[in-house]
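Each remark here refers to the structure printed beneath this line.
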Amino acid sequence: MKNIIFDLGGVVFARKRSECTEEFARFFAFVRWPEMPLFWEEYDRGTWTIDRVRDHLCEENGCSREKCEEYLRMAIDMQRPIGPTEKLLGELKAAGYRLYVLSNMSKEFIEFLRRFPLYGLFDGEVISCEEHVVKPEMRIYEILLERYGLNPRESLFIDDREKNIVAAETLEINGFLFDHTDPEKSCRELRKRLL
């Protein structure tokens with residue numbers, strides 16, 4: 001294995017549950033649904049603006065524009081590196097692996113995440129809102145392989161959604177299903193496999 005490809009949300013970055021109120025967690029419960037709702041998928045694809053998402057969430061939740069704006073801003077601002085993954089990324093980089101990002105992510109979220117020093121460890125990235133295609137659509141995986149000249153058989157893709165792993169495997173990219181509820185365990189397993 002030479003190339004390690006990371007999803008971002010739930011694998012490299014997340015909100016700390018302890019910092020989220022029950023109401024806030026309920027408001028964004030859809031991000032953990034088995035199927036991402038269409039409006040959020042289109043936001044990740046870059047075809048919906050944050051204003052359109054806000055208006056949709058206001059209608060869905062029957063709450064004020066101000067509250068939706070506050071919660072969307074909090075959802076971005078509360079993102080932090082996941083400790084075990086941050087440590088693992090440093091170890092993988094030191095071991096000589098090439099590190100990549102392949103993530104469904106909207107413009108506002110990715111602009112925020114790129115500010116973290118941790119993001120500088122990556123050798124390349126493919127972000128859905130910039131390509132107008134989302135996982136598990138085949139084209140987004142192909143873009144990554146083509147752009148960086150990656151051999152899929154020498155690449156491992158880490159994601160917390162099984163359907164995204166299955167899609168990668170159809171292109172002969174190796175997959176690892178990351179458990180976002182127990183990142184420590186997932187990172188231990190990855191360390192055994194790669195280091």
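Chain labels follow the order of the structure tokens: the first chain is A, the next B, and so on; residue numbering restarts at 1 in every chain, and ligands are counted from 1 in their shown order.
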
- Residue neighbourhood A:His132, 9 Å, only C-alpha atoms, exclusion window fewer than 5 positions, as a ChimeraX atom specification: /A:42,44-47,127,140

- A:Ser155 surroundings by only C-alpha atoms, 6 Å radius, close-in-sequence under 4 positions cut, as a count of residues only: 4

- Residue among A:Leu121, A:Ile110, A:Ile143, A:Ile165 lying closest to A:Gly96, counting only C-alpha atoms: A:Leu121

- Message: Let's see if you can do this: from backbone DSSP, list all strand (DSSP E or B) residues in stretch 51-185 of chain A, as a PyMOL selection string.
- Response: chain A and resi 80-81+98-103+124-127+155-159+174-177

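Here the question is which of A:Tyr100, A:Thr181, A:Leu118, A:Glu108 gets nearest to A:Arg147 using only C-alpha atoms, and that residue is A:Tyr100.
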
Give me, as an mmCIF file with N, CA and C atoms, in the first residue's frame, all polymer residues having an atom no more than 8 Å from stretch 51-60 of chain A, counting only C-alpha atoms and skipping those fewer than 5 positions away in the same chain.
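Wrote it out as result04.cif, contents follow:
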```cif
data_model
loop_
_atom_site.group_PDB
_atom_site.id
_atom_site.type_symbol
_atom_site.label_atom_id
_atom_site.label_comp_id
_atom_site.auth_asym_id
_atom_site.auth_seq_id
_atom_site.Cartn_x
_atom_site.Cartn_y
_atom_site.Cartn_z
ATOM 1 N N PHE A 39 -31.288 17.390 -0.252
ATOM 2 C CA PHE A 39 -30.882 18.796 -0.159
ATOM 3 C C PHE A 39 -29.436 18.925 0.320
ATOM 4 N N TRP A 40 -29.009 18.057 1.242
ATOM 5 C CA TRP A 40 -27.639 18.128 1.751
ATOM 6 C C TRP A 40 -26.654 17.559 0.730
ATOM 7 N N TYR A 43 -26.047 20.265 -1.603
ATOM 8 C CA TYR A 43 -25.146 21.246 -0.966
ATOM 9 C C TYR A 43 -23.701 20.759 -1.095
ATOM 10 N N ARG A 65 -35.159 32.054 10.599
ATOM 11 C CA ARG A 65 -33.977 32.179 9.753
ATOM 12 C C ARG A 65 -32.730 32.392 10.615
ATOM 13 N N CYS A 68 -31.586 29.086 12.175
ATOM 14 C CA CYS A 68 -30.962 28.224 11.165
ATOM 15 C C CYS A 68 -29.569 28.727 10.822
ATOM 16 N N GLU A 69 -29.426 30.030 10.669
ATOM 17 C CA GLU A 69 -28.111 30.603 10.366
ATOM 18 C C GLU A 69 -27.133 30.329 11.509
ATOM 19 N N LEU A 72 -26.194 26.558 11.468
ATOM 20 C CA LEU A 72 -25.292 26.239 10.355
ATOM 21 C C LEU A 72 -23.887 26.745 10.648
#
```

Quick one: everything within 9 Å of A:Leu89, counting only C-alpha atoms, minus sequence neighbours fewer than 2 positions away in the same chain. Send it as a compact mmCIF listing (two decimals) with N, CA, C and O atoms, in the first residue's frame.
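The new file selection_0.txt reads:
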```txt
# COMPACT_ATOMS: atom_id res chain seq x y z
N VAL A 12 -11.83 12.26 9.84
CA VAL A 12 -10.71 13.16 10.19
C VAL A 12 -11.21 14.31 11.07
O VAL A 12 -10.52 14.75 11.98
N PRO A 84 -7.51 10.59 17.64
CA PRO A 84 -6.82 9.38 17.17
C PRO A 84 -6.44 9.43 15.69
O PRO A 84 -5.36 8.98 15.30
N THR A 85 -7.32 10.01 14.87
CA THR A 85 -7.02 10.10 13.43
C THR A 85 -5.89 11.09 13.18
O THR A 85 -5.02 10.85 12.33
N GLU A 86 -5.91 12.18 13.90
CA GLU A 86 -4.85 13.19 13.75
C GLU A 86 -3.49 12.56 14.04
O GLU A 86 -2.52 12.75 13.29
N LYS A 87 -3.41 11.77 15.11
CA LYS A 87 -2.16 11.10 15.46
C LYS A 87 -1.75 10.10 14.38
O LYS A 87 -0.59 10.04 13.96
N GLU A 91 1.66 9.73 11.83
CA GLU A 91 2.46 8.50 11.77
C GLU A 91 2.56 7.98 10.33
O GLU A 91 3.62 7.53 9.90
N LEU A 92 1.43 8.02 9.62
CA LEU A 92 1.42 7.55 8.22
C LEU A 92 2.31 8.43 7.34
O LEU A 92 3.05 7.93 6.50
N LYS A 93 2.24 9.73 7.57
CA LYS A 93 3.07 10.66 6.80
C LYS A 93 4.55 10.38 7.07
O LYS A 93 5.36 10.31 6.15
N ALA A 94 4.89 10.20 8.35
CA ALA A 94 6.28 9.93 8.73
C ALA A 94 6.77 8.61 8.15
O ALA A 94 7.95 8.45 7.85
N LEU A 99 -0.79 10.77 1.26
CA LEU A 99 -2.11 10.93 1.89
C LEU A 99 -3.01 11.82 1.03
O LEU A 99 -2.58 12.88 0.56
N LEU A 118 -3.33 20.35 10.40
CA LEU A 118 -3.45 18.93 10.03
C LEU A 118 -3.71 18.77 8.53
O LEU A 118 -3.20 17.84 7.91
N LEU A 121 -0.98 17.99 5.88
CA LEU A 121 -0.36 16.66 5.70
C LEU A 121 -0.79 15.99 4.40
O LEU A 121 -0.12 15.08 3.93
N PHE A 122 -1.89 16.45 3.82
CA PHE A 122 -2.40 15.78 2.62
C PHE A 122 -1.64 16.21 1.37
O PHE A 122 -1.28 17.37 1.19
```
